[in-house]
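The file my_file_34.cif comes next; it holds mmCIF, C-alpha atoms.
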```cif
data_input
#
loop_
_atom_site.label_atom_id
_atom_site.label_comp_id
_atom_site.auth_asym_id
_atom_site.auth_seq_id
_atom_site.Cartn_x
_atom_site.Cartn_y
_atom_site.Cartn_z
CA MET A 1 -16.93 -11.45 34.10
CA ASN A 2 -15.13 -11.40 30.72
CA PHE A 3 -16.11 -8.80 28.15
CA ILE A 4 -16.68 -10.28 24.70
CA PRO A 5 -16.90 -7.71 21.90
CA THR A 6 -19.82 -7.84 19.52
CA ASP A 7 -19.21 -8.18 15.80
CA SER A 8 -19.63 -4.44 15.27
CA GLU A 9 -17.10 -3.67 18.01
CA SER A 10 -14.44 -5.99 16.62
CA LYS A 11 -14.68 -5.08 12.92
CA THR A 12 -11.79 -3.51 11.13
CA ALA A 13 -11.30 -2.21 7.62
CA ARG A 14 -8.31 -2.00 5.32
CA ALA A 15 -6.98 0.73 3.05
CA ILE A 16 -3.91 0.70 0.80
CA TYR A 17 -2.22 3.85 -0.44
CA ALA A 18 0.92 4.71 -2.41
CA ALA A 19 2.21 8.26 -2.09
CA GLY A 20 5.96 8.20 -2.58
CA CYS A 21 8.43 7.00 0.02
CA PHE A 22 6.41 4.85 2.40
CA TRP A 23 8.29 6.06 5.49
CA GLY A 24 6.67 9.49 5.43
CA VAL A 25 3.26 8.13 4.54
CA GLU A 26 3.40 5.72 7.48
CA TYR A 27 4.49 8.53 9.81
CA TYR A 28 1.27 10.46 9.18
CA PHE A 29 -1.09 7.48 9.15
CA LYS A 30 0.27 6.12 12.44
CA GLN A 31 -0.86 9.38 14.06
CA ALA A 32 -4.38 9.36 12.58
CA SER A 33 -7.34 8.77 14.84
CA GLY A 34 -8.93 5.35 14.41
CA VAL A 35 -5.87 3.73 12.83
CA ILE A 36 -5.14 0.40 14.50
CA SER A 37 -1.99 -0.55 12.62
CA THR A 38 0.10 0.23 9.58
CA GLN A 39 2.50 -1.80 7.50
CA VAL A 40 4.68 -0.61 4.65
CA GLY A 41 5.22 -2.78 1.63
CA TYR A 42 4.85 -3.30 -2.08
CA THR A 43 1.81 -3.74 -4.29
CA GLY A 44 0.59 -3.28 -7.84
CA GLY A 45 3.31 -5.27 -9.58
CA GLN A 46 3.84 -8.68 -11.09
CA THR A 47 6.69 -10.14 -8.99
CA VAL A 48 5.78 -12.36 -6.04
CA ASN A 49 7.28 -11.16 -2.75
CA PRO A 50 9.66 -8.58 -4.23
CA THR A 51 12.60 -7.11 -2.34
CA TYR A 52 13.28 -3.41 -1.92
CA GLN A 53 16.13 -3.62 -4.42
CA GLU A 54 13.89 -5.31 -6.99
CA VAL A 55 11.16 -2.68 -6.56
CA CYS A 56 13.72 0.15 -6.84
CA SER A 57 14.99 -1.33 -10.11
CA GLY A 58 11.61 -0.56 -11.68
CA ALA A 59 11.37 -4.07 -13.12
CA THR A 60 8.61 -5.40 -10.84
CA GLY A 61 5.92 -2.76 -11.43
CA HIS A 62 5.28 -2.44 -7.68
CA LYS A 63 4.64 0.78 -5.78
CA GLU A 64 5.94 1.57 -2.31
CA ALA A 65 2.67 1.47 -0.37
CA ILE A 66 1.14 1.40 3.05
CA GLU A 67 -1.54 -0.93 4.34
CA VAL A 68 -3.71 0.78 6.97
CA ILE A 69 -5.95 -1.23 9.29
CA PHE A 70 -8.52 1.01 10.89
CA ASP A 71 -11.62 0.98 13.07
CA PRO A 72 -14.57 2.19 10.95
CA ALA A 73 -16.41 3.13 14.15
CA LYS A 74 -13.68 5.73 14.84
CA THR A 75 -12.74 6.92 11.35
CA SER A 76 -13.74 6.33 7.76
CA PHE A 77 -12.05 5.50 4.50
CA GLU A 78 -13.08 8.98 3.35
CA GLU A 79 -11.33 10.69 6.29
CA LEU A 80 -8.19 8.61 5.77
CA THR A 81 -8.22 9.35 2.05
CA LYS A 82 -8.49 13.08 2.76
CA LEU A 83 -5.37 12.71 4.93
CA TYR A 84 -3.70 10.81 2.09
CA PHE A 85 -4.29 13.69 -0.32
CA GLU A 86 -3.10 16.25 2.22
CA ILE A 87 0.31 14.62 2.84
CA HIS A 88 1.68 14.26 -0.68
CA ASP A 89 1.79 15.99 -4.05
CA PHE A 90 -0.90 14.10 -5.92
CA SER A 91 -0.23 16.20 -9.04
CA GLN A 92 3.34 14.95 -9.52
CA THR A 93 3.62 12.44 -12.37
CA ASP A 94 7.21 11.19 -12.00
CA GLY A 95 7.42 10.26 -8.31
CA GLN A 96 7.17 12.23 -5.07
CA GLY A 97 9.34 15.17 -4.20
CA PRO A 98 12.98 14.15 -4.60
CA ASP A 99 12.07 10.46 -5.03
CA LEU A 100 11.62 9.80 -8.72
CA GLY A 101 10.46 6.60 -10.38
CA ASP A 102 7.33 4.54 -10.94
CA GLN A 103 7.58 2.95 -7.47
CA TYR A 104 6.85 6.41 -5.95
CA LEU A 105 3.71 7.28 -7.92
CA SER A 106 0.39 8.29 -6.34
CA TYR A 107 -2.05 5.35 -6.23
CA ILE A 108 -5.09 4.32 -4.24
CA PHE A 109 -5.54 0.55 -4.23
CA TYR A 110 -9.24 0.20 -3.42
CA THR A 111 -10.53 -2.97 -1.76
CA ASP A 112 -14.15 -2.66 -2.87
CA GLU A 113 -16.47 -0.54 -5.03
CA THR A 114 -17.39 1.70 -2.08
CA GLN A 115 -13.76 2.70 -1.59
CA LYS A 116 -13.43 3.29 -5.33
CA GLN A 117 -16.48 5.58 -5.31
CA VAL A 118 -15.24 7.53 -2.28
CA ALA A 119 -11.85 8.04 -3.96
CA GLU A 120 -13.49 9.12 -7.23
CA ASN A 121 -15.67 11.62 -5.36
CA LEU A 122 -12.68 13.12 -3.53
CA ILE A 123 -10.71 13.39 -6.77
CA ALA A 124 -13.67 15.19 -8.36
CA ARG A 125 -13.76 17.59 -5.39
CA LEU A 126 -10.06 18.30 -5.76
CA ARG A 127 -10.47 19.00 -9.47
CA GLN A 128 -13.39 21.34 -8.70
CA LYS A 129 -11.00 23.23 -6.40
CA GLY A 130 -8.61 23.64 -9.33
CA PHE A 131 -6.10 20.90 -8.49
CA ARG A 132 -4.55 18.65 -11.10
CA VAL A 133 -4.81 15.06 -9.84
CA SER A 134 -2.48 12.36 -11.13
CA THR A 135 -3.53 9.72 -8.58
CA VAL A 136 -4.37 6.38 -10.17
CA LEU A 137 -7.14 4.16 -8.80
CA GLU A 138 -6.49 0.43 -9.04
CA LYS A 139 -8.15 -2.62 -7.55
CA ALA A 140 -6.08 -3.92 -4.64
CA GLY A 141 -4.12 -7.06 -5.29
CA ASP A 142 -1.44 -8.81 -3.30
CA PHE A 143 0.35 -6.70 -0.70
CA TYR A 144 3.86 -7.77 0.26
CA PRO A 145 5.28 -6.40 3.54
CA ALA A 146 8.58 -4.57 3.15
CA GLU A 147 11.69 -5.65 4.99
CA LEU A 148 11.67 -5.11 8.77
CA TYR A 149 14.07 -2.18 8.68
CA HIS A 150 11.46 -0.23 6.66
CA GLN A 151 8.64 -0.80 9.18
CA ASP A 152 8.00 2.13 11.53
CA TYR A 153 11.17 3.76 10.21
CA TYR A 154 10.83 7.21 11.74
CA SER A 155 10.00 5.87 15.20
CA LYS A 156 13.05 3.59 15.06
CA THR A 157 15.47 6.22 13.82
CA GLY A 158 14.15 9.39 15.45
CA LYS A 159 14.53 11.17 12.11
CA LYS A 160 11.98 13.60 10.65
CA THR A 161 10.05 13.22 7.40
CA TYR A 162 11.86 14.83 4.49
CA CYS A 163 9.42 14.55 1.60
CA HIS A 164 5.95 14.52 3.17
CA PHE A 165 4.29 17.53 4.73
CA ARG A 166 0.66 18.01 5.63
CA ARG A 167 -1.26 20.85 4.10
CA LYS A 168 -4.96 21.46 4.74
CA ILE A 169 -7.02 20.98 1.57
CA PHE A 170 -10.41 19.69 2.75
#
```
Hey, can you dump this file as C-alpha coordinates for me?
Amino acid sequence: MNFIPTDSESKTARAIYAAGCFWGVEYYFKQASGVISTQVGYTGGQTVNPTYQEVCSGATGHKEAIEVIFDPAKTSFEELTKLYFEIHDFSQTDGQGPDLGDQYLSYIFYTDETQKQVAENLIARLRQKGFRVSTVLEKAGDFYPAELYHQDYYSKTGKKTYCHFRRKIF
(Lines of atoms letter the chains of each structure in order from A and count residues from 1; the text may use other names and numbers.)
(Lines give C-alpha, C1' and ligand atoms only; values in the text may rest on other atoms or scores of the structure.)
Protein backbone atom coordinates (compact mmCIF):
# COMPACT_ATOMS: atom_id res chain seq x y z
CA MET A 1 0.00 0.00 0.00
CA ASN A 2 1.43 3.40 -1.01
CA PHE A 3 1.24 6.29 1.43
CA ILE A 4 -0.08 9.48 -0.16
CA PRO A 5 0.41 12.60 1.95
CA THR A 6 -2.55 14.85 2.59
CA ASP A 7 -2.38 18.51 1.60
CA SER A 8 -1.51 19.55 5.15
CA GLU A 9 1.34 17.02 5.29
CA SER A 10 2.90 18.14 2.01
CA LYS A 11 2.71 21.92 2.48
CA THR A 12 5.82 24.00 2.68
CA ALA A 13 6.46 27.67 3.28
CA ARG A 14 9.15 30.06 2.11
CA ALA A 15 11.17 32.74 3.88
CA ILE A 16 13.85 35.04 2.48
CA TYR A 17 16.44 36.76 4.63
CA ALA A 18 19.51 38.93 4.06
CA ALA A 19 22.00 39.15 6.92
CA GLY A 20 25.43 39.73 5.46
CA CYS A 21 27.52 37.06 3.78
CA PHE A 22 25.06 34.35 2.81
CA TRP A 23 27.48 31.51 3.63
CA GLY A 24 27.17 32.01 7.38
CA VAL A 25 23.44 32.60 7.24
CA GLU A 26 22.95 29.36 5.32
CA TYR A 27 25.14 27.48 7.81
CA TYR A 28 22.76 28.29 10.68
CA PHE A 29 19.51 27.82 8.77
CA LYS A 30 20.55 24.41 7.43
CA GLN A 31 20.77 23.24 11.05
CA ALA A 32 17.36 24.61 12.10
CA SER A 33 14.57 22.20 12.90
CA GLY A 34 11.85 22.10 10.25
CA VAL A 35 14.02 23.52 7.46
CA ILE A 36 13.65 21.41 4.33
CA SER A 37 16.12 23.23 2.08
CA THR A 38 18.11 26.40 1.68
CA GLN A 39 19.47 28.24 -1.31
CA VAL A 40 21.70 31.29 -1.34
CA GLY A 41 21.21 33.98 -3.92
CA TYR A 42 20.40 37.57 -4.72
CA THR A 43 17.23 39.60 -4.31
CA GLY A 44 15.99 43.16 -3.88
CA GLY A 45 17.69 44.67 -6.91
CA GLN A 46 16.87 45.69 -10.44
CA THR A 47 19.17 43.48 -12.56
CA VAL A 48 17.77 40.22 -13.93
CA ASN A 49 19.84 37.18 -12.94
CA PRO A 50 22.86 39.08 -11.60
CA THR A 51 26.27 37.50 -11.06
CA TYR A 52 28.23 37.63 -7.83
CA GLN A 53 30.62 40.15 -9.35
CA GLU A 54 27.75 42.40 -10.43
CA VAL A 55 26.16 42.26 -6.97
CA CYS A 56 29.52 43.02 -5.29
CA SER A 57 29.93 46.08 -7.53
CA GLY A 58 26.93 47.65 -5.80
CA ALA A 59 25.36 48.57 -9.13
CA THR A 60 22.49 46.05 -9.09
CA GLY A 61 20.86 46.93 -5.76
CA HIS A 62 20.66 43.25 -4.77
CA LYS A 63 21.34 41.81 -1.33
CA GLU A 64 23.10 38.52 -0.64
CA ALA A 65 20.17 36.50 0.69
CA ILE A 66 18.98 33.05 1.59
CA GLU A 67 15.76 31.37 0.56
CA VAL A 68 14.54 28.96 3.23
CA ILE A 69 11.92 26.31 2.47
CA PHE A 70 10.43 24.98 5.66
CA ASP A 71 7.71 22.72 7.02
CA PRO A 72 5.21 24.91 8.93
CA ALA A 73 4.07 21.83 10.86
CA LYS A 74 7.58 21.60 12.36
CA THR A 75 8.61 25.24 12.70
CA SER A 76 7.19 28.68 12.07
CA PHE A 77 8.23 31.84 10.29
CA GLU A 78 8.40 33.44 13.75
CA GLU A 79 10.86 30.83 15.06
CA LEU A 80 13.02 31.13 11.95
CA THR A 81 12.97 34.92 12.19
CA LYS A 82 14.09 34.74 15.82
CA LEU A 83 17.03 32.63 14.62
CA TYR A 84 17.70 35.21 11.91
CA PHE A 85 17.98 37.99 14.49
CA GLU A 86 20.19 35.88 16.75
CA ILE A 87 22.84 35.12 14.09
CA HIS A 88 23.72 38.60 12.84
CA ASP A 89 24.18 42.18 13.98
CA PHE A 90 20.86 43.68 12.97
CA SER A 91 21.97 47.08 14.29
CA GLN A 92 24.83 47.48 11.79
CA THR A 93 23.99 49.96 9.02
CA ASP A 94 26.92 49.51 6.62
CA GLY A 95 27.08 45.74 6.14
CA GLN A 96 27.79 42.81 8.45
CA GLY A 97 30.92 42.43 10.50
CA PRO A 98 33.92 42.78 8.20
CA ASP A 99 31.74 42.65 5.06
CA LEU A 100 30.80 46.20 4.15
CA GLY A 101 28.47 47.35 1.40
CA ASP A 102 24.79 47.52 0.56
CA GLN A 103 24.72 43.87 -0.58
CA TYR A 104 25.37 42.84 3.07
CA LEU A 105 22.60 44.82 4.76
CA SER A 106 19.98 43.31 7.08
CA TYR A 107 16.68 42.71 5.25
CA ILE A 108 13.63 40.51 5.63
CA PHE A 109 11.89 39.95 2.31
CA TYR A 110 8.38 39.00 3.41
CA THR A 111 6.19 36.86 1.15
CA ASP A 112 2.83 37.91 2.60
CA GLU A 113 1.25 40.28 5.12
CA THR A 114 1.40 37.66 7.89
CA GLN A 115 5.18 37.41 7.57
CA LYS A 116 5.41 41.21 7.54
CA GLN A 117 3.37 41.43 10.75
CA VAL A 118 5.44 38.74 12.48
CA ALA A 119 8.66 40.57 11.54
CA GLU A 120 7.26 43.92 12.72
CA ASN A 121 6.25 42.36 16.05
CA LEU A 122 9.70 40.85 16.59
CA ILE A 123 11.39 44.15 15.73
CA ALA A 124 9.13 45.90 18.26
CA ARG A 125 10.13 43.29 20.88
CA LEU A 126 13.80 43.87 20.16
CA ARG A 127 13.37 47.63 20.50
CA GLN A 128 11.54 47.11 23.81
CA LYS A 129 14.60 45.17 24.98
CA GLY A 130 16.75 48.20 24.14
CA PHE A 131 18.19 47.05 20.81
CA ARG A 132 18.65 49.36 17.85
CA VAL A 133 17.24 47.59 14.78
CA SER A 134 18.36 48.55 11.28
CA THR A 135 16.66 45.62 9.53
CA VAL A 136 14.57 46.69 6.55
CA LEU A 137 11.31 44.94 5.66
CA GLU A 138 10.59 44.67 1.95
CA LYS A 139 8.08 42.72 -0.10
CA ALA A 140 9.78 39.71 -1.68
CA GLY A 141 10.46 39.96 -5.38
CA ASP A 142 12.49 37.81 -7.71
CA PHE A 143 15.11 35.59 -6.08
CA TYR A 144 18.08 34.59 -8.21
CA PRO A 145 20.14 31.58 -7.05
CA ALA A 146 23.83 32.31 -6.60
CA GLU A 147 26.50 30.43 -8.48
CA LEU A 148 26.96 26.76 -7.51
CA TYR A 149 30.22 27.34 -5.67
CA HIS A 150 28.32 29.54 -3.18
CA GLN A 151 25.68 26.89 -2.39
CA ASP A 152 26.29 24.96 0.85
CA TYR A 153 29.72 26.59 1.05
CA TYR A 154 30.73 25.56 4.56
CA SER A 155 29.76 21.92 4.04
CA LYS A 156 31.79 21.82 0.82
CA THR A 157 34.88 23.49 2.23
CA GLY A 158 34.89 22.29 5.84
CA LYS A 159 35.61 25.86 6.94
CA LYS A 160 33.97 27.58 9.92
CA THR A 161 31.79 30.69 9.86
CA TYR A 162 33.81 33.85 10.35
CA CYS A 163 31.21 36.60 10.61
CA HIS A 164 28.09 34.94 12.01
CA PHE A 165 27.72 33.78 15.59
CA ARG A 166 24.58 32.86 17.45
CA ARG A 167 23.66 34.72 20.57
CA LYS A 168 20.48 34.07 22.55
CA ILE A 169 18.14 37.08 22.46
CA PHE A 170 14.61 35.63 22.62
Box for region 156-170 of chain A - axis-aligned, 3 Å on each of the six sides, all listed atoms - centre and size in Å to one decimal, as JSON.
```
{"center_x": 2.5, "center_y": 12.5, "center_z": 8.5, "size_x": 31.9, "size_y": 23.9, "size_z": 19.9}
```
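Here the question is which of A:Val48, A:Val25, A:Leu148, A:Leu80 gets nearest to Val118 (chain A) using all atoms listed in the file, and that residue is A:Leu80.
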Might you pull out every residue within 7 Å of Gly24 (chain A), with all atoms listed in the file counted and same-chain residues fewer than 3 positions away left off, and present them as a PDB file with C-alpha atoms, in the coordinates of the input?
```
ATOM      1  CA  CYS A  21       8.430   7.000   0.020  1.00  0.00           C
ATOM      2  CA  TYR A  27       4.490   8.530   9.810  1.00  0.00           C
ATOM      3  CA  TYR A  28       1.270  10.460   9.180  1.00  0.00           C
ATOM      4  CA  THR A 161      10.050  13.220   7.400  1.00  0.00           C
ATOM      5  CA  CYS A 163       9.420  14.550   1.600  1.00  0.00           C
ATOM      6  CA  HIS A 164       5.950  14.520   3.170  1.00  0.00           C
TER       7      HIS A 164
END
```
Worksheet entry | Residue among A:Asn121, A:Gln103, A:Thr43, A:Thr51 lying closest to Glu138 (chain A), counting all atoms listed in the file | A:Thr43
Discussion item. Applying the PyMOL selection byres ((chain A and resi 89) around 12) to the file I just gave you, which residues come out? Please list them as a ChimeraX atom specification.
Written reply: /A:18-21,25,83-88,90-99,104-107,131-135,163-167,169
Practice prompt. Let me know the residues the PyMOL selection byres ((chain A and resi 109) around 9) catches in the file above, as number ranges by chain.
Written response: A: 15-18, 43-44, 107-108, 110-111, 115-116, 136-141
Discussion item. Evaluated on this file, the PyMOL selection byres ((chain A and resi 58-74) around 9) picks out some residues - which ones are they, written as a PyMOL selection string?
Written reply: chain A and resi 8-23+25-26+29-30+33-48+50+52+54-57+75-77+101-107+143+145-146
Worksheet item: In Å to one decimal, how far is CA of Gln117 (chain A) from CA of Phe170 (chain A)?
Response: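 One can read the CA of Phe170 (chain A) to CA of Gln117 (chain A) distance as 17.3 Å.
The coordinates place CA of Asp152 (chain A) at 18.8 Å from CA of Gln53 (chain A).
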Practice prompt. Enter the distance from CA of Tyr153 (chain A) to CA of Leu122 (chain A), in Å, rounded to one decimal.
Written response: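 CA of Leu122 (chain A) lies at a distance of 29.1 Å from CA of Tyr153 (chain A).
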